[in-house]
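Structure below is final-v4.txt: compact mmCIF, N, CA and C atoms.
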```
# COMPACT_ATOMS: atom_id res chain seq x y z
N MET K 21 59.16 175.65 -56.72
CA MET K 21 60.18 175.47 -57.73
C MET K 21 61.10 174.31 -57.37
N LYS K 22 61.46 174.23 -56.08
CA LYS K 22 62.32 173.15 -55.62
C LYS K 22 61.64 171.80 -55.83
N ARG K 23 60.35 171.77 -55.59
CA ARG K 23 59.58 170.52 -55.72
C ARG K 23 59.55 170.05 -57.18
N ILE K 24 59.37 170.97 -58.10
CA ILE K 24 59.36 170.62 -59.52
C ILE K 24 60.72 170.07 -59.93
N PHE K 25 61.79 170.72 -59.47
CA PHE K 25 63.13 170.25 -59.79
C PHE K 25 63.36 168.84 -59.25
N THR K 26 62.90 168.57 -58.03
CA THR K 26 63.05 167.25 -57.42
C THR K 26 62.29 166.20 -58.23
N ILE K 27 61.07 166.51 -58.64
CA ILE K 27 60.26 165.57 -59.42
C ILE K 27 60.92 165.31 -60.77
N LEU K 28 61.40 166.35 -61.43
CA LEU K 28 62.07 166.17 -62.72
C LEU K 28 63.35 165.36 -62.58
N SER K 29 64.10 165.59 -61.52
CA SER K 29 65.32 164.83 -61.27
C SER K 29 65.02 163.35 -61.06
N LEU K 30 63.98 163.07 -60.29
CA LEU K 30 63.57 161.69 -60.03
C LEU K 30 63.14 161.02 -61.33
N ALA K 31 62.37 161.71 -62.15
CA ALA K 31 61.91 161.17 -63.43
C ALA K 31 63.09 160.86 -64.34
N LEU K 32 64.07 161.75 -64.38
CA LEU K 32 65.26 161.55 -65.19
C LEU K 32 66.04 160.33 -64.71
N CYS K 33 66.21 160.19 -63.41
CA CYS K 33 66.92 159.04 -62.85
C CYS K 33 66.22 157.73 -63.22
N LEU K 34 64.90 157.70 -63.08
CA LEU K 34 64.14 156.50 -63.42
C LEU K 34 64.27 156.17 -64.91
N ALA K 35 64.25 157.18 -65.74
CA ALA K 35 64.39 156.96 -67.18
C ALA K 35 65.76 156.38 -67.51
N LEU K 36 66.79 156.92 -66.89
CA LEU K 36 68.14 156.42 -67.14
C LEU K 36 68.31 155.00 -66.66
N ILE K 37 67.74 154.68 -65.51
CA ILE K 37 67.82 153.31 -64.98
C ILE K 37 67.12 152.34 -65.93
N SER K 38 65.93 152.69 -66.38
CA SER K 38 65.18 151.79 -67.24
C SER K 38 65.87 151.60 -68.58
N CYS K 39 66.60 152.58 -69.05
CA CYS K 39 67.32 152.45 -70.32
C CYS K 39 68.42 151.40 -70.23
N GLY K 40 69.00 151.22 -69.05
CA GLY K 40 70.08 150.26 -68.89
C GLY K 40 69.61 148.82 -68.88
N VAL K 41 68.37 148.57 -68.53
CA VAL K 41 67.86 147.21 -68.45
C VAL K 41 67.79 146.63 -69.85
N GLY K 42 68.39 145.46 -70.03
CA GLY K 42 68.33 144.78 -71.31
C GLY K 42 69.41 145.18 -72.30
N ARG K 43 70.26 146.13 -71.92
CA ARG K 43 71.29 146.60 -72.84
C ARG K 43 72.44 145.61 -72.96
N THR K 44 72.70 144.82 -71.94
CA THR K 44 73.76 143.82 -71.98
C THR K 44 73.23 142.51 -71.41
N PRO K 45 73.85 141.39 -71.77
CA PRO K 45 73.44 140.12 -71.16
C PRO K 45 73.57 140.15 -69.63
N LYS K 46 74.62 140.82 -69.14
CA LYS K 46 74.82 140.90 -67.70
C LYS K 46 73.68 141.64 -67.00
N SER K 47 73.32 142.81 -67.52
CA SER K 47 72.27 143.60 -66.86
C SER K 47 70.92 142.89 -66.93
N THR K 48 70.65 142.22 -68.05
CA THR K 48 69.39 141.48 -68.18
C THR K 48 69.31 140.36 -67.16
N THR K 49 70.39 139.60 -67.05
CA THR K 49 70.41 138.45 -66.13
C THR K 49 70.25 138.91 -64.68
N LYS K 50 71.00 139.91 -64.30
CA LYS K 50 70.90 140.41 -62.92
C LYS K 50 69.49 140.95 -62.64
N SER K 51 68.94 141.71 -63.58
CA SER K 51 67.59 142.25 -63.40
C SER K 51 66.55 141.15 -63.30
N PHE K 52 66.72 140.08 -64.07
CA PHE K 52 65.79 138.96 -64.06
C PHE K 52 65.73 138.31 -62.68
N PHE K 53 66.88 137.97 -62.12
CA PHE K 53 66.90 137.31 -60.81
C PHE K 53 66.40 138.24 -59.71
N ARG K 54 66.74 139.52 -59.78
CA ARG K 54 66.26 140.48 -58.79
C ARG K 54 64.74 140.67 -58.89
N ALA K 55 64.21 140.65 -60.10
CA ALA K 55 62.76 140.79 -60.28
C ALA K 55 62.02 139.60 -59.68
N ILE K 56 62.54 138.40 -59.89
CA ILE K 56 61.91 137.21 -59.30
C ILE K 56 61.97 137.32 -57.78
N GLU K 57 63.11 137.68 -57.24
CA GLU K 57 63.25 137.81 -55.79
C GLU K 57 62.24 138.80 -55.23
N ALA K 58 61.97 139.88 -55.95
CA ALA K 58 61.05 140.93 -55.49
C ALA K 58 59.58 140.60 -55.79
N GLY K 59 59.35 139.49 -56.48
CA GLY K 59 57.98 139.14 -56.83
C GLY K 59 57.42 139.94 -57.99
N GLU K 60 58.30 140.54 -58.77
CA GLU K 60 57.90 141.35 -59.93
C GLU K 60 57.93 140.46 -61.18
N TYR K 61 56.93 139.57 -61.28
CA TYR K 61 56.93 138.54 -62.31
C TYR K 61 56.70 139.08 -63.71
N VAL K 62 55.89 140.10 -63.85
CA VAL K 62 55.65 140.68 -65.18
C VAL K 62 56.96 141.27 -65.70
N GLU K 63 57.68 141.97 -64.83
CA GLU K 63 58.98 142.53 -65.23
C GLU K 63 59.95 141.42 -65.60
N ALA K 64 59.96 140.34 -64.81
CA ALA K 64 60.85 139.21 -65.11
C ALA K 64 60.50 138.59 -66.46
N LEU K 65 59.21 138.41 -66.74
CA LEU K 65 58.77 137.85 -68.02
C LEU K 65 59.20 138.72 -69.19
N GLU K 66 59.17 140.03 -69.01
CA GLU K 66 59.58 140.94 -70.08
C GLU K 66 61.06 140.81 -70.42
N LEU K 67 61.83 140.23 -69.52
CA LEU K 67 63.26 140.03 -69.75
C LEU K 67 63.55 138.68 -70.38
N THR K 68 62.49 137.95 -70.76
CA THR K 68 62.65 136.65 -71.40
C THR K 68 61.99 136.66 -72.77
N THR K 69 62.23 135.59 -73.53
CA THR K 69 61.59 135.45 -74.82
C THR K 69 60.15 134.99 -74.69
N LEU K 70 59.72 134.65 -73.48
CA LEU K 70 58.33 134.24 -73.27
C LEU K 70 57.39 135.40 -73.46
N GLY K 71 57.79 136.57 -72.94
CA GLY K 71 57.00 137.79 -73.08
C GLY K 71 55.53 137.57 -72.82
N ASP K 72 54.70 137.88 -73.79
CA ASP K 72 53.26 137.75 -73.65
C ASP K 72 52.74 136.42 -74.17
N GLU K 73 53.64 135.54 -74.58
CA GLU K 73 53.22 134.27 -75.15
C GLU K 73 52.75 133.30 -74.07
N GLY K 74 51.82 132.45 -74.46
CA GLY K 74 51.44 131.33 -73.61
C GLY K 74 50.70 131.70 -72.35
N ASP K 75 50.81 130.82 -71.39
CA ASP K 75 50.06 130.89 -70.14
C ASP K 75 50.84 131.69 -69.10
N THR K 76 50.56 132.98 -69.00
CA THR K 76 51.26 133.85 -68.07
C THR K 76 51.09 133.37 -66.63
N GLU K 77 49.92 132.85 -66.30
CA GLU K 77 49.68 132.36 -64.94
C GLU K 77 50.62 131.21 -64.60
N LEU K 78 50.85 130.31 -65.56
CA LEU K 78 51.77 129.19 -65.34
C LEU K 78 53.18 129.71 -65.08
N TYR K 79 53.65 130.63 -65.91
CA TYR K 79 55.00 131.17 -65.75
C TYR K 79 55.13 131.89 -64.40
N CYS K 80 54.10 132.63 -64.02
CA CYS K 80 54.13 133.34 -62.74
C CYS K 80 54.14 132.35 -61.58
N ALA K 81 53.43 131.23 -61.71
CA ALA K 81 53.42 130.21 -60.66
C ALA K 81 54.81 129.59 -60.51
N ILE K 82 55.49 129.37 -61.64
CA ILE K 82 56.85 128.83 -61.59
C ILE K 82 57.78 129.82 -60.90
N MET K 83 57.65 131.10 -61.24
CA MET K 83 58.51 132.12 -60.62
C MET K 83 58.18 132.29 -59.14
N GLU K 84 56.91 132.16 -58.77
CA GLU K 84 56.53 132.25 -57.35
C GLU K 84 57.19 131.13 -56.55
N LYS K 85 57.22 129.93 -57.12
CA LYS K 85 57.89 128.80 -56.46
C LYS K 85 59.38 129.11 -56.28
N GLU K 86 59.99 129.68 -57.29
CA GLU K 86 61.41 130.04 -57.21
C GLU K 86 61.63 131.15 -56.18
N ARG K 87 60.72 132.13 -56.14
CA ARG K 87 60.84 133.22 -55.17
C ARG K 87 60.77 132.68 -53.74
N LYS K 88 59.88 131.72 -53.50
CA LYS K 88 59.78 131.12 -52.17
C LYS K 88 61.07 130.40 -51.80
N SER K 89 61.67 129.72 -52.75
CA SER K 89 62.95 129.05 -52.51
C SER K 89 64.04 130.06 -52.18
N ILE K 90 64.05 131.17 -52.91
CA ILE K 90 65.03 132.23 -52.65
C ILE K 90 64.83 132.79 -51.25
N THR K 91 63.58 133.03 -50.87
CA THR K 91 63.28 133.58 -49.55
C THR K 91 63.72 132.62 -48.45
N GLU K 92 63.47 131.32 -48.63
CA GLU K 92 63.87 130.31 -47.64
C GLU K 92 65.39 130.28 -47.45
N LYS K 93 66.12 130.68 -48.48
CA LYS K 93 67.59 130.69 -48.41
C LYS K 93 68.13 132.04 -47.94
N GLY K 94 67.24 132.93 -47.51
CA GLY K 94 67.68 134.22 -46.99
C GLY K 94 67.81 135.31 -48.04
N GLY K 95 67.18 135.11 -49.19
CA GLY K 95 67.25 136.11 -50.26
C GLY K 95 68.53 135.98 -51.06
N ILE K 96 68.62 136.77 -52.10
CA ILE K 96 69.83 136.77 -52.92
C ILE K 96 70.78 137.83 -52.36
N ALA K 97 71.92 137.37 -51.87
CA ALA K 97 72.92 138.30 -51.35
C ALA K 97 73.78 138.87 -52.47
N LYS K 98 73.98 138.05 -53.53
CA LYS K 98 74.88 138.51 -54.60
C LYS K 98 74.55 137.77 -55.89
N VAL K 99 74.56 138.50 -56.99
CA VAL K 99 74.45 137.92 -58.33
C VAL K 99 75.79 138.19 -59.01
N GLU K 100 76.55 137.13 -59.22
CA GLU K 100 77.89 137.27 -59.81
C GLU K 100 77.90 136.66 -61.21
N ILE K 101 78.36 137.41 -62.18
CA ILE K 101 78.48 136.91 -63.54
C ILE K 101 79.84 136.23 -63.66
N LEU K 102 79.82 134.92 -63.88
CA LEU K 102 81.07 134.17 -64.00
C LEU K 102 81.65 134.25 -65.40
N SER K 103 80.77 134.19 -66.41
CA SER K 103 81.28 134.28 -67.78
C SER K 103 80.16 134.69 -68.74
N VAL K 104 80.57 135.36 -69.80
CA VAL K 104 79.68 135.70 -70.91
C VAL K 104 80.39 135.18 -72.17
N ASN K 105 79.73 134.24 -72.83
CA ASN K 105 80.33 133.64 -74.02
C ASN K 105 79.48 133.94 -75.24
N PRO K 106 79.92 134.91 -76.06
CA PRO K 106 79.18 135.22 -77.28
C PRO K 106 79.20 134.03 -78.23
N SER K 107 78.13 133.85 -78.98
CA SER K 107 78.06 132.79 -79.97
C SER K 107 79.00 133.11 -81.12
N MET K 108 79.69 132.09 -81.63
CA MET K 108 80.58 132.28 -82.77
C MET K 108 79.77 132.36 -84.07
N GLU K 109 78.57 131.76 -84.06
CA GLU K 109 77.75 131.72 -85.27
C GLU K 109 76.79 132.90 -85.40
N ASP K 110 76.37 133.46 -84.27
CA ASP K 110 75.33 134.49 -84.30
C ASP K 110 75.64 135.57 -83.27
N GLU K 111 75.90 136.79 -83.74
CA GLU K 111 76.27 137.88 -82.83
C GLU K 111 75.12 138.29 -81.91
N ASN K 112 73.92 137.81 -82.19
CA ASN K 112 72.75 138.13 -81.36
C ASN K 112 72.46 137.04 -80.33
N ARG K 113 73.42 136.17 -80.09
CA ARG K 113 73.25 135.11 -79.10
C ARG K 113 74.49 135.04 -78.20
N ALA K 114 74.24 134.64 -76.96
CA ALA K 114 75.34 134.46 -76.00
C ALA K 114 74.88 133.50 -74.91
N THR K 115 75.85 132.93 -74.22
CA THR K 115 75.57 132.10 -73.05
C THR K 115 76.22 132.78 -71.86
N ILE K 116 75.46 132.92 -70.78
CA ILE K 116 75.98 133.59 -69.59
C ILE K 116 75.87 132.64 -68.40
N THR K 117 76.95 132.55 -67.65
CA THR K 117 76.96 131.71 -66.44
C THR K 117 76.97 132.63 -65.23
N THR K 118 76.01 132.40 -64.34
CA THR K 118 75.79 133.26 -63.18
C THR K 118 75.91 132.43 -61.90
N LEU K 119 76.51 133.01 -60.89
CA LEU K 119 76.56 132.38 -59.57
C LEU K 119 75.69 133.20 -58.63
N LEU K 120 74.63 132.57 -58.13
CA LEU K 120 73.76 133.22 -57.15
C LEU K 120 74.24 132.82 -55.76
N THR K 121 74.51 133.81 -54.91
CA THR K 121 74.87 133.56 -53.52
C THR K 121 73.70 134.02 -52.67
N TYR K 122 73.21 133.11 -51.84
CA TYR K 122 72.03 133.39 -51.02
C TYR K 122 72.45 133.90 -49.65
N GLY K 123 71.49 134.46 -48.94
CA GLY K 123 71.74 135.02 -47.61
C GLY K 123 72.25 134.00 -46.61
N ASN K 124 71.88 132.71 -46.79
CA ASN K 124 72.34 131.68 -45.86
C ASN K 124 73.71 131.13 -46.24
N GLY K 125 74.34 131.69 -47.28
CA GLY K 125 75.68 131.28 -47.68
C GLY K 125 75.74 130.24 -48.78
N THR K 126 74.62 129.61 -49.10
CA THR K 126 74.63 128.62 -50.16
C THR K 126 74.71 129.33 -51.52
N THR K 127 75.15 128.57 -52.52
CA THR K 127 75.28 129.13 -53.86
C THR K 127 74.61 128.22 -54.89
N HIS K 128 74.30 128.79 -56.03
CA HIS K 128 73.73 128.03 -57.15
C HIS K 128 74.23 128.64 -58.44
N GLU K 129 74.76 127.79 -59.32
CA GLU K 129 75.22 128.26 -60.62
C GLU K 129 74.10 128.06 -61.64
N GLU K 130 73.85 129.10 -62.41
CA GLU K 130 72.78 129.09 -63.41
C GLU K 130 73.37 129.48 -64.76
N VAL K 131 73.06 128.70 -65.79
CA VAL K 131 73.50 129.00 -67.15
C VAL K 131 72.28 129.47 -67.94
N CYS K 132 72.38 130.64 -68.54
CA CYS K 132 71.27 131.22 -69.31
C CYS K 132 71.69 131.42 -70.75
N GLU K 133 70.82 130.98 -71.65
CA GLU K 133 71.00 131.28 -73.07
C GLU K 133 70.38 132.65 -73.31
N MET K 134 71.08 133.51 -73.99
CA MET K 134 70.62 134.87 -74.24
C MET K 134 70.43 135.10 -75.72
N VAL K 135 69.47 135.97 -76.06
CA VAL K 135 69.24 136.34 -77.45
C VAL K 135 68.92 137.83 -77.50
N LYS K 136 69.46 138.50 -78.51
CA LYS K 136 69.22 139.94 -78.67
C LYS K 136 68.07 140.12 -79.66
N ILE K 137 66.98 140.74 -79.17
CA ILE K 137 65.79 140.99 -79.97
C ILE K 137 65.48 142.48 -79.89
N ASP K 138 65.36 143.12 -81.04
CA ASP K 138 65.06 144.55 -81.08
C ASP K 138 66.03 145.36 -80.22
N ASN K 139 67.30 145.02 -80.31
CA ASN K 139 68.37 145.72 -79.61
C ASN K 139 68.32 145.58 -78.09
N ARG K 140 67.62 144.55 -77.60
CA ARG K 140 67.55 144.27 -76.16
C ARG K 140 67.88 142.81 -75.92
N TRP K 141 68.72 142.56 -74.92
CA TRP K 141 69.07 141.18 -74.57
C TRP K 141 67.97 140.57 -73.71
N LYS K 142 67.60 139.33 -74.04
CA LYS K 142 66.58 138.61 -73.29
C LYS K 142 67.07 137.20 -72.99
N ILE K 143 66.55 136.63 -71.92
CA ILE K 143 66.86 135.24 -71.60
C ILE K 143 65.99 134.37 -72.51
N ASP K 144 66.64 133.50 -73.27
CA ASP K 144 65.94 132.64 -74.23
C ASP K 144 65.39 131.43 -73.49
N VAL K 145 64.09 131.43 -73.26
CA VAL K 145 63.45 130.36 -72.49
C VAL K 145 62.74 129.42 -73.46
N ASN K 146 63.10 128.15 -73.38
CA ASN K 146 62.43 127.12 -74.15
C ASN K 146 61.97 126.07 -73.16
N LEU K 147 60.70 126.11 -72.79
CA LEU K 147 60.18 125.19 -71.78
C LEU K 147 60.13 123.75 -72.25
N ASN K 148 60.23 123.52 -73.55
CA ASN K 148 60.17 122.16 -74.08
C ASN K 148 61.46 121.39 -73.84
N THR K 149 62.57 122.10 -73.57
CA THR K 149 63.84 121.42 -73.37
C THR K 149 64.22 121.31 -71.91
N LYS K 150 63.42 121.85 -71.02
CA LYS K 150 63.78 121.85 -69.60
C LYS K 150 63.17 120.66 -68.89
```
Rewrite the structure from the file as structure tokens, please.
Amino acid sequence: MKRIFTILSLALCLALISCGVGRTPKSTTKSFFRAIEAGEYVEALELTTLGDEGDTELYCAIMEKERKSITEKGGIAKVEILSVNPSMEDENRATITTLLTYGNGTTHEEVCEMVKIDNRWKIDVNLNTK
């Protein structure tokens, strides 16, 4: 009986955690960088507008390169949200500025365009403008 309760408790916790992902621009952005750091590229892709589109292998190769860079810097010590700026024209868009602090003490500021699709916030990736 104790074992069943433990399993049900664990399942409930996992369900609650997964419900929080994508609910806000902040949670999406933090989850995205943590997924790349952990090598969870499919999960990271699901947090972007790329999703299942295009060449998944190419996107994974790009994220692998970024993961190696993160590892060389001692991993991500902190993901700090500096600002969230909702769009004045479209309530389903926002710009979020993030400061990544690495284990070796260096930092990198990243600006992400966000879009809300099906009630979930995603990082709006347009490879043609990068």
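For the pair atom C of Ala97 in chain K and atom C of Gly125 in chain K, the interatomic distance is 9.6 Å.
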Exercise. Enumerate, as number ranges by chain, the complete set of residues in range 28-146 of chain K that a backbone-based DSSP assignment places in helix (DSSP H, G or I).
Key: K: 28-40, 45-58, 61-66, 76-92
Quiz item: Near range 129-143 of chain K, counting all atoms listed in the file, which residues have an atom at most 5 Å away, once you skip same-chain residues fewer than 5 positions from it, shown as number ranges by chain?
Solution: K: 42-43, 67-69, 112-120
So that I have them on file, write out the residues from the current selection with N, CA and C atoms, as a PDB file, keeping the file's coordinate frame.
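Dumped everything to result-v5.pdb:
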```
ATOM      1  N   GLY K  42      68.390 145.460 -70.030  1.00  0.00           N
ATOM      2  CA  GLY K  42      68.330 144.780 -71.310  1.00  0.00           C
ATOM      3  C   GLY K  42      69.410 145.180 -72.300  1.00  0.00           C
ATOM      4  N   ARG K  43      70.260 146.130 -71.920  1.00  0.00           N
ATOM      5  CA  ARG K  43      71.290 146.600 -72.840  1.00  0.00           C
ATOM      6  C   ARG K  43      72.440 145.610 -72.960  1.00  0.00           C
ATOM      7  N   LEU K  67      61.830 140.230 -69.520  1.00  0.00           N
ATOM      8  CA  LEU K  67      63.260 140.030 -69.750  1.00  0.00           C
ATOM      9  C   LEU K  67      63.550 138.680 -70.380  1.00  0.00           C
ATOM     10  N   THR K  68      62.490 137.950 -70.760  1.00  0.00           N
ATOM     11  CA  THR K  68      62.650 136.650 -71.400  1.00  0.00           C
ATOM     12  C   THR K  68      61.990 136.660 -72.770  1.00  0.00           C
ATOM     13  N   THR K  69      62.230 135.590 -73.530  1.00  0.00           N
ATOM     14  CA  THR K  69      61.590 135.450 -74.820  1.00  0.00           C
ATOM     15  C   THR K  69      60.150 134.990 -74.690  1.00  0.00           C
ATOM     16  N   ASN K 112      73.920 137.810 -82.190  1.00  0.00           N
ATOM     17  CA  ASN K 112      72.750 138.130 -81.360  1.00  0.00           C
ATOM     18  C   ASN K 112      72.460 137.040 -80.330  1.00  0.00           C
ATOM     19  N   ARG K 113      73.420 136.170 -80.090  1.00  0.00           N
ATOM     20  CA  ARG K 113      73.250 135.110 -79.100  1.00  0.00           C
ATOM     21  C   ARG K 113      74.490 135.040 -78.200  1.00  0.00           C
ATOM     22  N   ALA K 114      74.240 134.640 -76.960  1.00  0.00           N
ATOM     23  CA  ALA K 114      75.340 134.460 -76.000  1.00  0.00           C
ATOM     24  C   ALA K 114      74.880 133.500 -74.910  1.00  0.00           C
ATOM     25  N   THR K 115      75.850 132.930 -74.220  1.00  0.00           N
ATOM     26  CA  THR K 115      75.570 132.100 -73.050  1.00  0.00           C
ATOM     27  C   THR K 115      76.220 132.780 -71.860  1.00  0.00           C
ATOM     28  N   ILE K 116      75.460 132.920 -70.780  1.00  0.00           N
ATOM     29  CA  ILE K 116      75.980 133.590 -69.590  1.00  0.00           C
ATOM     30  C   ILE K 116      75.870 132.640 -68.400  1.00  0.00           C
ATOM     31  N   THR K 117      76.950 132.550 -67.650  1.00  0.00           N
ATOM     32  CA  THR K 117      76.960 131.710 -66.440  1.00  0.00           C
ATOM     33  C   THR K 117      76.970 132.630 -65.230  1.00  0.00           C
ATOM     34  N   THR K 118      76.010 132.400 -64.340  1.00  0.00           N
ATOM     35  CA  THR K 118      75.790 133.260 -63.180  1.00  0.00           C
ATOM     36  C   THR K 118      75.910 132.430 -61.900  1.00  0.00           C
ATOM     37  N   LEU K 119      76.510 133.010 -60.890  1.00  0.00           N
ATOM     38  CA  LEU K 119      76.560 132.380 -59.570  1.00  0.00           C
ATOM     39  C   LEU K 119      75.690 133.200 -58.630  1.00  0.00           C
ATOM     40  N   LEU K 120      74.630 132.570 -58.130  1.00  0.00           N
ATOM     41  CA  LEU K 120      73.760 133.220 -57.150  1.00  0.00           C
ATOM     42  C   LEU K 120      74.240 132.820 -55.760  1.00  0.00           C
TER      43      LEU K 120
END
```
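Taking atom N of Phe52 in chain K and atom N of Ala64 in chain K as the two end points, the separation is 6.8 Å.
Every polymer residue reaching to within 7 Å of (70.2, 137.8, -56.2), counting all atoms listed in the file, appears in this list: Phe53, Arg54, Glu57, Gly95, Ile96, Ala97, Lys98, Val99, Leu120 and Thr121 of chain K.
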Quiz item: Distance atom N of Tyr61 in chain K-atom N of Glu86 in chain K, one decimal place?
Solution: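 Rounded to one decimal, the two atoms are 11.1 Å apart.
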Practice problem: Could you give me the residues within range 39-106 of chain K that DSSP places in strand (DSSP E), as an NGL selection string? | Solution: :K and (96-106)
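With all atoms listed in the file as the atoms that count, the residue of K:Ile101, K:Met108, K:Val145, K:Met83 with the shortest distance to Gly59 in chain K is K:Met83.
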Quiz item: So which one's closest to Glu92 in chain K, K:Gly71, K:Ala58, K:Glu111, K:Asn124? Using all atoms listed in the file, please.
Solution: K:Asn124
Quiz item: Pick the closest to Arg87 in chain K from K:Leu65, K:Ala55, K:Leu70, K:Thr48: which is it, counting only N, CA and C atoms?
Solution: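 Going through K:Leu65, K:Ala55, K:Leu70, K:Thr48 one by one, the smallest distance to Arg87 in chain K is for K:Ala55.
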